[in-house]
Structures are given as C-alpha cells and as structure tokens.
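Printed here is data-v1.cif (mmCIF, C-alpha atoms):
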data_input
#
loop_
_atom_site.group_PDB
_atom_site.id
_atom_site.type_symbol
_atom_site.label_atom_id
_atom_site.label_comp_id
_atom_site.auth_asym_id
_atom_site.auth_seq_id
_atom_site.Cartn_x
_atom_site.Cartn_y
_atom_site.Cartn_z
ATOM 1 C CA MET V 96 206.994 -85.760 37.898
ATOM 2 C CA GLU V 97 205.473 -83.924 40.855
ATOM 3 C CA LYS V 98 206.185 -80.206 40.821
ATOM 4 C CA LYS V 99 208.374 -79.259 43.765
ATOM 5 C CA ARG V 100 206.612 -77.000 46.244
ATOM 6 C CA GLY V 101 208.549 -74.553 48.381
ATOM 7 C CA LEU V 102 207.835 -71.988 51.052
ATOM 8 C CA VAL V 103 209.671 -68.770 51.846
ATOM 9 C CA ILE V 104 209.065 -67.491 55.365
ATOM 10 C CA TYR V 105 209.521 -63.953 56.674
ATOM 11 C CA LYS V 106 208.356 -62.168 59.801
ATOM 12 C CA GLN V 107 205.127 -60.332 58.949
ATOM 13 C CA HIS V 108 206.620 -56.827 59.203
ATOM 14 C CA GLU V 109 209.485 -57.764 56.867
ATOM 15 C CA ILE V 110 207.391 -59.040 53.954
ATOM 16 C CA THR V 111 206.519 -55.624 52.518
ATOM 17 C CA ARG V 112 210.099 -54.372 52.835
ATOM 18 C CA ASN V 113 211.396 -57.475 51.047
ATOM 19 C CA ILE V 114 208.583 -57.942 48.529
ATOM 20 C CA LYS V 115 210.789 -57.191 45.512
ATOM 21 C CA PHE V 116 213.266 -59.905 46.498
ATOM 22 C CA ILE V 117 210.401 -62.307 47.265
ATOM 23 C CA ASN V 118 208.910 -61.684 43.821
ATOM 24 C CA MET V 119 212.282 -62.355 42.208
ATOM 25 C CA LEU V 120 212.611 -65.635 44.088
ATOM 26 C CA GLN V 121 209.116 -66.665 42.997
ATOM 27 C CA GLN V 122 209.721 -65.767 39.351
ATOM 28 C CA HIS V 123 213.032 -67.599 39.205
ATOM 29 C CA CYS V 124 211.365 -70.621 40.834
ATOM 30 C CA LEU V 125 208.725 -70.605 38.104
ATOM 31 C CA ASN V 126 211.519 -70.532 35.520
ATOM 32 C CA MET V 127 213.011 -73.615 37.173
ATOM 33 C CA GLU V 128 209.598 -75.355 37.370
ATOM 34 C CA LEU V 129 209.411 -74.912 41.142
ATOM 35 C CA HIS V 130 206.418 -73.493 42.984
ATOM 36 C CA LEU V 131 207.269 -71.040 45.777
ATOM 37 C CA GLU V 132 204.738 -69.620 48.215
ATOM 38 C CA VAL V 133 205.308 -66.873 50.773
ATOM 39 C CA MET V 134 204.029 -67.065 54.329
ATOM 40 C CA ALA V 135 204.412 -64.865 57.395
ATOM 41 C CA TYR V 136 206.058 -66.600 60.332
ATOM 42 C CA GLU V 137 203.229 -65.398 62.558
ATOM 43 C CA GLN V 138 200.680 -67.252 60.373
ATOM 44 C CA LEU V 139 202.541 -70.527 60.406
ATOM 45 C CA CYS V 140 201.079 -73.580 62.089
ATOM 46 C CA ILE V 141 203.221 -76.685 62.438
ATOM 47 C CA HIS V 142 201.835 -80.047 63.477
ATOM 48 C CA LEU V 143 204.776 -81.195 65.579
ATOM 49 C CA SER V 144 203.380 -84.727 65.675
ATOM 50 C CA ASN V 145 203.582 -84.726 61.867
ATOM 51 C CA PRO V 146 205.654 -81.677 60.882
ATOM 52 C CA LYS V 147 205.770 -82.537 57.196
ATOM 53 C CA TYR V 148 202.541 -80.572 57.066
ATOM 54 C CA LEU V 149 202.563 -76.812 57.479
ATOM 55 C CA VAL V 150 199.225 -75.040 57.717
ATOM 56 C CA GLY V 151 198.408 -71.345 57.488
ATOM 57 C CA PRO V 152 195.080 -69.765 58.409
ATOM 58 C CA LEU V 153 194.126 -69.207 54.750
ATOM 59 C CA ILE V 154 194.899 -72.758 53.674
ATOM 60 C CA ASP V 155 192.077 -75.303 53.820
ATOM 61 C CA ASP V 156 194.063 -78.434 53.067
ATOM 62 C CA GLU V 157 197.297 -79.666 54.514
ATOM 63 C CA LEU V 158 200.087 -79.004 52.035
ATOM 64 C CA HIS V 159 203.374 -80.804 51.827
ATOM 65 C CA TYR V 160 206.468 -78.744 51.033
ATOM 66 C CA HIS V 161 209.654 -80.139 49.552
ATOM 67 C CA PHE V 162 211.838 -77.202 50.602
ATOM 68 C CA VAL V 163 211.707 -74.155 52.834
ATOM 69 C CA ILE V 164 213.627 -70.880 52.651
ATOM 70 C CA ASN V 165 213.427 -69.593 56.194
ATOM 71 C CA ARG V 166 214.330 -65.900 56.368
ATOM 72 C CA SER V 167 212.611 -65.230 59.692
ATOM 73 C CA ALA V 168 215.687 -65.752 61.927
ATOM 74 C CA THR V 169 214.012 -68.653 63.745
ATOM 75 C CA PRO V 170 216.487 -71.554 63.573
ATOM 76 C CA TRP V 171 214.306 -73.847 65.703
ATOM 77 C CA LEU V 172 211.988 -74.016 62.683
ATOM 78 C CA ASN V 173 214.799 -75.289 60.436
ATOM 79 C CA GLU V 174 215.532 -77.983 62.998
ATOM 80 C CA VAL V 175 211.925 -79.160 63.212
ATOM 81 C CA LEU V 176 211.523 -79.240 59.435
ATOM 82 C CA GLU V 177 214.757 -81.157 58.946
ATOM 83 C CA LEU V 178 213.496 -83.781 61.394
ATOM 84 C CA ALA V 179 210.566 -84.213 59.018
ATOM 85 C CA GLY V 180 212.886 -84.610 56.034
ATOM 86 C CA ILE V 181 212.178 -81.188 54.522
ATOM 87 C CA ARG V 182 215.214 -79.495 52.966
ATOM 88 C CA CYS V 183 215.853 -76.104 54.533
ATOM 89 C CA PHE V 184 217.944 -73.305 53.084
ATOM 90 C CA ASN V 185 220.025 -72.705 55.199
ATOM 91 C CA THR V 186 220.448 -75.941 57.108
ATOM 92 C CA ALA V 187 219.476 -75.964 60.770
ATOM 93 C CA TYR V 188 223.128 -75.977 61.820
ATOM 94 C CA VAL V 189 224.014 -72.923 59.753
ATOM 95 C CA ALA V 190 220.824 -71.107 60.772
ATOM 96 C CA ARG V 191 221.625 -71.749 64.420
ATOM 97 C CA ILE V 192 225.194 -70.435 64.347
ATOM 98 C CA ALA V 193 224.468 -67.576 61.920
ATOM 99 C CA ASN V 194 221.631 -66.225 64.073
ATOM 100 C CA ASP V 195 223.687 -66.243 67.282
ATOM 101 C CA LYS V 196 226.903 -64.221 67.281
ATOM 102 C CA ARG V 197 228.204 -66.194 70.262
ATOM 103 C CA LEU V 198 227.997 -69.465 68.337
ATOM 104 C CA SER V 199 229.367 -68.076 65.077
ATOM 105 C CA HIS V 200 232.400 -66.607 66.856
ATOM 106 C CA ALA V 201 233.037 -69.844 68.757
ATOM 107 C CA VAL V 202 232.705 -72.024 65.645
ATOM 108 C CA LEU V 203 234.855 -69.826 63.406
ATOM 109 C CA SER V 204 237.470 -69.287 66.102
ATOM 110 C CA ASN V 205 237.704 -73.079 66.382
ATOM 111 C CA ILE V 206 238.752 -73.315 62.726
ATOM 112 C CA GLY V 207 241.299 -70.513 63.066
ATOM 113 C CA ILE V 208 239.484 -67.551 61.494
ATOM 114 C CA PRO V 209 240.959 -64.265 62.828
ATOM 115 C CA MET V 210 238.601 -62.032 64.818
ATOM 116 C CA LEU V 211 238.540 -59.550 67.657
ATOM 117 C CA SER V 212 238.630 -60.972 71.170
ATOM 118 C CA SER V 213 234.987 -61.943 71.810
ATOM 119 C CA THR V 214 233.379 -62.753 75.154
ATOM 120 C CA ALA V 215 229.860 -63.923 75.999
ATOM 121 C CA VAL V 216 228.514 -62.541 79.289
ATOM 122 C CA HIS V 217 225.269 -61.894 81.140
ATOM 123 C CA LYS V 218 224.566 -58.192 81.621
ATOM 124 C CA HIS V 219 224.816 -58.586 85.416
ATOM 125 C CA PHE V 220 228.488 -59.289 84.876
ATOM 126 C CA PHE V 221 228.856 -55.529 84.469
ATOM 127 C CA LEU V 222 227.279 -54.752 87.823
ATOM 128 C CA ASN V 223 230.546 -55.745 89.474
ATOM 129 C CA ASP V 224 232.854 -52.741 89.107
ATOM 130 C CA ASN V 225 235.937 -54.907 89.452
ATOM 131 C CA LYS V 226 235.013 -56.800 86.289
ATOM 132 C CA ILE V 227 234.485 -53.774 84.053
ATOM 133 C CA SER V 228 237.241 -52.975 81.627
ATOM 134 C CA LYS V 229 238.404 -49.380 81.585
ATOM 135 C CA GLU V 230 238.868 -49.599 77.824
ATOM 136 C CA ARG V 231 236.304 -48.678 75.184
ATOM 137 C CA MET V 232 234.252 -51.679 74.131
ATOM 138 C CA ILE V 233 231.540 -52.794 71.733
ATOM 139 C CA ILE V 234 228.540 -54.448 73.394
ATOM 140 C CA LYS V 235 226.228 -56.486 71.152
ATOM 141 C CA ASP V 236 222.939 -58.307 71.400
ATOM 142 C CA PRO V 237 224.101 -61.734 70.146
ATOM 143 C CA LEU V 238 220.742 -62.270 68.426
ATOM 144 C CA GLY V 239 220.579 -58.799 66.843
ATOM 145 C CA LYS V 240 220.794 -58.200 63.097
ATOM 146 C CA GLY V 241 221.344 -55.305 60.722
ATOM 147 C CA GLY V 242 223.389 -53.320 63.242
ATOM 148 C CA THR V 243 220.616 -53.274 65.839
ATOM 149 C CA GLY V 244 221.518 -53.964 69.449
ATOM 150 C CA VAL V 245 225.111 -52.795 68.975
ATOM 151 C CA LYS V 246 226.415 -50.220 71.452
ATOM 152 C CA LEU V 247 229.724 -48.422 71.874
ATOM 153 C CA ALA V 248 230.710 -47.831 75.494
ATOM 154 C CA ASP V 249 233.573 -45.403 76.164
ATOM 155 C CA ASP V 250 234.031 -46.123 79.874
ATOM 156 C CA SER V 251 232.674 -48.029 82.873
ATOM 157 C CA GLU V 252 230.223 -45.253 83.719
ATOM 158 C CA GLU V 253 228.664 -45.450 80.268
ATOM 159 C CA ILE V 254 228.438 -49.241 80.553
ATOM 160 C CA HIS V 255 226.386 -48.854 83.732
ATOM 161 C CA GLU V 256 224.058 -46.468 81.907
ATOM 162 C CA LEU V 257 223.634 -48.910 79.026
ATOM 163 C CA VAL V 258 222.990 -51.995 81.153
ATOM 164 C CA THR V 259 219.363 -51.156 81.894
ATOM 165 C CA SER V 260 218.515 -51.030 78.174
ATOM 166 C CA LEU V 261 220.475 -54.130 77.167
ATOM 167 C CA ASN V 262 219.220 -57.669 76.779
ATOM 168 C CA ASP V 263 220.356 -60.179 79.389
ATOM 169 C CA ASN V 264 222.849 -61.998 77.165
ATOM 170 C CA LEU V 265 225.632 -60.046 75.509
ATOM 171 C CA LEU V 266 228.667 -60.346 73.281
ATOM 172 C CA VAL V 267 231.513 -58.031 74.285
ATOM 173 C CA GLN V 268 234.449 -57.022 72.079
ATOM 174 C CA PRO V 269 237.196 -54.409 72.179
ATOM 175 C CA VAL V 270 237.007 -51.559 69.677
ATOM 176 C CA GLY V 271 239.012 -52.691 66.678
ATOM 177 C CA GLY V 272 239.319 -52.581 62.931
ATOM 178 C CA GLN V 273 239.102 -49.495 60.765
ATOM 179 C CA LYS V 274 236.322 -47.271 62.076
ATOM 180 C CA GLY V 275 233.067 -47.388 60.133
ATOM 181 C CA LYS V 276 234.261 -49.901 57.533
ATOM 182 C CA ASP V 277 233.365 -53.524 56.874
ATOM 183 C CA LEU V 278 233.168 -56.028 54.046
ATOM 184 C CA ARG V 279 230.184 -58.255 53.300
ATOM 185 C CA VAL V 280 230.870 -61.384 51.265
ATOM 186 C CA TYR V 281 227.928 -63.208 49.681
ATOM 187 C CA ILE V 282 228.103 -67.006 49.528
ATOM 188 C CA VAL V 283 225.742 -69.360 47.644
ATOM 189 C CA GLY V 284 226.396 -73.099 47.677
ATOM 190 C CA ASN V 285 229.837 -72.505 49.213
ATOM 191 C CA HIS V 286 230.833 -70.286 46.265
ATOM 192 C CA ILE V 287 231.740 -66.615 46.572
ATOM 193 C CA ILE V 288 229.199 -64.625 44.542
ATOM 194 C CA GLY V 289 230.389 -61.103 45.268
ATOM 195 C CA ALA V 290 231.475 -58.678 47.955
ATOM 196 C CA ILE V 291 230.351 -55.228 49.051
ATOM 197 C CA LEU V 292 232.571 -52.788 50.950
ATOM 198 C CA ARG V 293 230.511 -50.652 53.329
ATOM 199 C CA GLU V 294 231.761 -47.425 54.908
ATOM 200 C CA SER V 295 230.392 -44.770 57.241
ATOM 201 C CA ALA V 296 231.942 -41.411 58.061
ATOM 202 C CA THR V 297 229.485 -40.760 60.911
ATOM 203 C CA ASP V 298 229.043 -44.072 62.764
ATOM 204 C CA PHE V 299 231.251 -46.929 63.989
ATOM 205 C CA ARG V 300 228.765 -49.236 62.242
ATOM 206 C CA ALA V 301 228.990 -49.390 58.455
ATOM 207 C CA ASN V 302 225.449 -50.668 57.816
ATOM 208 C CA VAL V 303 223.878 -49.007 54.780
ATOM 209 C CA SER V 304 220.535 -48.958 56.635
ATOM 210 C CA MET V 305 222.213 -46.632 59.145
ATOM 211 C CA GLY V 306 223.544 -44.149 56.622
ATOM 212 C CA GLY V 307 226.661 -45.906 55.359
ATOM 213 C CA SER V 308 227.767 -46.005 51.734
ATOM 214 C CA ALA V 309 228.625 -49.082 49.696
ATOM 215 C CA ARG V 310 230.542 -50.195 46.614
ATOM 216 C CA PHE V 311 231.377 -53.460 44.889
ATOM 217 C CA TYR V 312 234.677 -54.937 46.017
ATOM 218 C CA GLU V 313 237.018 -57.341 44.241
ATOM 219 C CA LEU V 314 238.454 -59.829 46.705
ATOM 220 C CA ASN V 315 242.154 -60.578 46.471
ATOM 221 C CA GLN V 316 243.599 -64.083 46.607
ATOM 222 C CA SER V 317 244.485 -63.860 50.293
ATOM 223 C CA GLU V 318 240.928 -62.863 51.163
ATOM 224 C CA LYS V 319 239.518 -65.674 49.040
ATOM 225 C CA ARG V 320 241.760 -68.196 50.788
ATOM 226 C CA LEU V 321 240.527 -67.017 54.185
ATOM 227 C CA ILE V 322 236.907 -67.429 53.100
ATOM 228 C CA SER V 323 237.695 -70.882 51.710
ATOM 229 C CA PHE V 324 238.731 -71.962 55.232
ATOM 230 C CA ILE V 325 235.143 -71.242 56.285
ATOM 231 C CA THR V 326 233.469 -72.932 53.327
ATOM 232 C CA ASP V 327 235.758 -75.964 53.656
ATOM 233 C CA ALA V 328 234.526 -76.394 57.238
ATOM 234 C CA ILE V 329 230.837 -75.438 56.920
ATOM 235 C CA HIS V 330 228.462 -75.968 54.003
ATOM 236 C CA LEU V 331 226.716 -72.644 53.394
ATOM 237 C CA ASP V 332 223.594 -72.516 51.222
ATOM 238 C CA PHE V 333 223.088 -68.736 51.177
ATOM 239 C CA VAL V 334 224.699 -66.387 53.678
ATOM 240 C CA GLY V 335 226.501 -63.117 54.027
ATOM 241 C CA ILE V 336 229.755 -63.096 55.986
ATOM 242 C CA ASP V 337 230.738 -59.720 57.411
ATOM 243 C CA PHE V 338 234.357 -58.838 58.126
ATOM 244 C CA LEU V 339 236.012 -55.926 59.832
ATOM 245 C CA ILE V 340 239.241 -54.680 58.282
ATOM 246 C CA ASP V 341 242.261 -54.134 60.511
ATOM 247 C CA ASN V 342 244.799 -51.334 60.064
ATOM 248 C CA ASP V 343 246.978 -53.584 57.897
ATOM 249 C CA GLY V 344 244.061 -54.368 55.566
ATOM 250 C CA ASN V 345 243.498 -57.898 56.882
ATOM 251 C CA LEU V 346 240.006 -59.313 57.398
ATOM 252 C CA LEU V 347 238.595 -60.025 60.858
ATOM 253 C CA PHE V 348 235.406 -62.064 61.129
ATOM 254 C CA ASN V 349 232.522 -59.996 62.487
ATOM 255 C CA GLU V 350 229.283 -61.905 61.903
ATOM 256 C CA MET V 351 227.382 -64.286 59.643
ATOM 257 C CA GLU V 352 223.958 -63.328 58.266
ATOM 258 C CA ASP V 353 221.485 -66.153 57.665
ATOM 259 C CA ALA V 354 218.758 -63.986 56.065
ATOM 260 C CA VAL V 355 221.287 -61.706 54.438
ATOM 261 C CA GLY V 356 220.113 -58.482 52.803
ATOM 262 C CA CYS V 357 221.073 -58.092 49.147
ATOM 263 C CA ARG V 358 220.053 -54.537 48.219
ATOM 264 C CA SER V 359 223.611 -53.220 48.006
ATOM 265 C CA LEU V 360 224.663 -56.117 45.777
ATOM 266 C CA TYR V 361 221.840 -55.328 43.332
ATOM 267 C CA ILE V 362 222.556 -51.601 43.402
ATOM 268 C CA HIS V 363 226.302 -51.906 42.871
ATOM 269 C CA SER V 364 226.567 -54.908 40.547
ATOM 270 C CA ALA V 365 224.756 -56.753 37.765
ATOM 271 C CA ILE V 366 224.629 -59.943 39.854
ATOM 272 C CA ASP V 367 221.173 -61.464 40.307
ATOM 273 C CA ILE V 368 221.795 -63.449 43.454
ATOM 274 C CA ALA V 369 218.140 -64.552 43.646
ATOM 275 C CA GLU V 370 218.525 -66.329 40.296
ATOM 276 C CA ILE V 371 221.805 -67.932 41.411
ATOM 277 C CA PHE V 372 220.219 -69.072 44.679
ATOM 278 C CA VAL V 373 217.172 -70.611 43.000
ATOM 279 C CA ALA V 374 219.333 -72.436 40.455
ATOM 280 C CA TYR V 375 221.323 -73.828 43.377
ATOM 281 C CA ILE V 376 218.117 -74.940 45.148
ATOM 282 C CA ALA V 377 216.952 -76.737 42.012
ATOM 283 C CA LYS V 378 220.274 -78.603 41.758
ATOM 284 C CA GLU V 379 220.170 -79.562 45.430
ATOM 285 C CA LEU V 380 216.637 -80.946 45.093
ATOM 286 C CA GLU V 381 217.678 -82.875 41.988
ATOM 287 C CA LYS V 382 220.594 -84.392 43.912
ATOM 288 C CA GLU V 383 218.248 -85.501 46.671
ATOM 289 C CA ASP V 384 215.927 -87.144 44.146
ATOM 290 C CA THR V 385 218.899 -88.986 42.655
ATOM 291 C CA ARG V 386 219.994 -90.238 46.084
ATOM 292 C CA LYS V 387 216.492 -91.485 46.860
ATOM 293 C CA ALA V 388 216.101 -93.246 43.498
#
Here is the file; what I need is its structure written in the form of structure tokens.
Amino acid sequence: MEKKRGLVIYKQHEITRNIKFINMLQQHCLNMELHLEVMAYEQLCIHLSNPKYLVGPLIDDELHYHFVINRSATPWLNEVLELAGIRCFNTAYVARIANDKRLSHAVLSNIGIPMLSSTAVHKHFFLNDNKISKERMIIKDPLGKGGTGVKLADDSEEIHELVTSLNDNLLVQPVGGQKGKDLRVYIVGNHIIGAILRESATDFRANVSMGGSARFYELNQSEKRLISFITDAIHLDFVGIDFLIDNDGNLLFNEMEDAVGCRSLYIHSAIDIAEIFVAYIAKELEKEDTRKA
C-alpha cells in the first residue's frame, strides 16, 4: 500500500517557534506509517489548474499529498485543496469560520451558544459621534489571533484615538465576563481532550503569551453539554474554543482557534495532543480509503 504523504504548513516566522510541536507531529506520523513534511506558506506554489500538486522551491518533482495540516491561518488554501480532493485538517468550512471572529460568532449564535453582544462594523462607523456608545467596549481585529488586535476603549474619545491604528473591519463587544479570565477547550475529532483556565491579574486579556497564568481545568457536566451543542452542529478536526466566564460562572463563547496553540496543555497536563491528533488523522484517512474501495 502506498505510504500516505502529508504536509504541515506554517507561516515562515512561526516555524521556529513551533518546531517542537512540528517535530512531535512528524514523529507520531512516522509511528502511524504516515510521512509528514513541513513547508513555509511563503514557499508554497499551487498549480490552480491542477491543485493536487503542490510545489516548493526546493522540490524538483511534483509531489502529491494525501492530507494537509494547514496552520497558517489561510482558509482559502483549505478550500482550494478540498476542491482537488485533498483532505485538510481542519476542513475549509471550519478554517473559514475559526479564522474570522465575525463568522464564528454568527455561526455559533445561530445554534444558540451564549456570548456577549457582538457587532461587525467598518472603522468609519466610529467617525460618526452619534453612533459611538458611551460605554466601555472591546474592539477586535476579526482576523487577529493570540490576543493581538484586541483593544479596550473606555470612552468615545479613546475610540477616536484608536481608529487610526485599527484595521478597516472590526468586531465590537461590550466589556463582559470576569476580568482577565478565560477557558480554552481543546477538541480533536469532536471529542473534548482537555481544558486550560487562563487568568491575568494585569490585563483584560488572559493570553499566556501576554503574561497570564494557566492551569488544567476539569469541565463540569453543564460545560460539557454546552460544548456538545457546538460539536453536534460542526465537525471539528482540531481546534481550541475559548470562552469567557460570566459572574455566575457560566461560559460565554469568545473565539475559535484553527491553529490552536498547545503549550499550556503540555505544561499543565500529561496529555500529548499531537499524538491524539495524528491517530485521528490516520483513522480519517483509513475511513476515506474504505469509502473509495
């Protein structure tokens, strides 16, 4: 049987920072008799007239890949590859909604997941004084990740000051949830793998990369039921779902991470999510072979 070839894609500047996780993915693929290569997004060449073939500058021959793990936050690539019949992890649909906070909020609101009031606007919306709320608000770049592009505005004057540095398209929310606290839930193959509670005493964002602390968290049955509403509606290969926590301890959807970071999970648990993910990939590829037989 032909050995399954796979490709994991990162932006060039993220490869070094994620090399340990990449190496784990490659080793677990070897253990499952899969071959996984790594390529920088910037080195990728796709023949759109025949996109089954991906070519990098250091590759002489056209190579066919059976699966792609796209961790470069470029959902258009998942869509093109799926058109060519290449299995992507995550699917194009999940990559699209997870990499755009506007879409993820709209989709999850449609299935009844609780969240803060969320509004998509163009930044010029704020140039009209009559349309500016007098309340404190969170302003987000809908395509941002890892806490980047998230601003806290205390009043209309501060909003005006922020506008010049903001991207054109924005997601606006009221300030809500317990300050500096959120919960990240890791999902592989629609199964909950673990959860990390993140807290910050100095910032309204709880991201560990911004100085927050983290610990492993045991989900209760109510929290698991809420997450099951999401997994019943959307098939998730490998994502992180971030929740705010309201003053009564209830979860509020905050965002979905397509290329979710796993450092805190490794630090605060014995879970090897790379191994779990690769085992899931192998099973998915086996299912596809069975369907084609």
Selection under test: the PyMOL selection byres ((chain V and resi 164) around 8); residues as a list of chain:residue names
V:Gly101, V:Leu102, V:Val103, V:Ile104, V:Phe162, V:Val163, V:Asn165, V:Arg166, V:Cys183, V:Phe184, V:Asn185
Find the distance between atom CA of V:Asp332 and atom CA of V:Asn285 and write it in Å to one decimal.
6.6 Å
Report as a PyMOL selection string the full result of the PyMOL selection byres ((chain V and resi 127-129) around 12) when it is applied to this structure.
chain V and resi 96-102+120-126+130-132+160-163+370-378+380-381
Starting from the shown file, work through the PyMOL selection byres ((chain V and resi 209) around 7) and note down what comes out as an MDAnalysis selection string.
chainID V and resid 204 207:208 210 347:348
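Atom CA of V:Arg197 is positioned 17.8 Å from atom CA of V:Val355.
Atom CA of V:Ile368 is found 20.2 Å from atom CA of V:Ser308.
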Please provide the set of residues having any atom within 6 Å of V:Ala193, restricted to only C-alpha atoms, with same-chain residues fewer than 3 positions apart removed, written as number ranges by chain.
V: 189-190, 199, 351-353
V:Val202: which residues within 10 Å, counting all atoms listed in the file, same-chain residues fewer than 6 positions away excluded, as a PyMOL selection string?
chain V and resi 192+196+208+325+328-329
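Of the residues listed (V:Tyr188, V:Arg310, V:Ser317, V:Leu261), V:Tyr188 shows the shortest atom-to-atom separation from V:Glu174; distances use all atoms listed in the file.
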Around (206.3, -63.2, 58.9) in the file's own coordinates, what residues are found within 6 Å if you use all atoms listed in the file, given back as a PyMOL selection string?
chain V and resi 105-107+135-137
Min atom-atom distance to V:Phe116 from the set V:Leu266, V:Ile322, V:Val133, V:Ile141, counting only C-alpha atoms, belongs to V:Val133
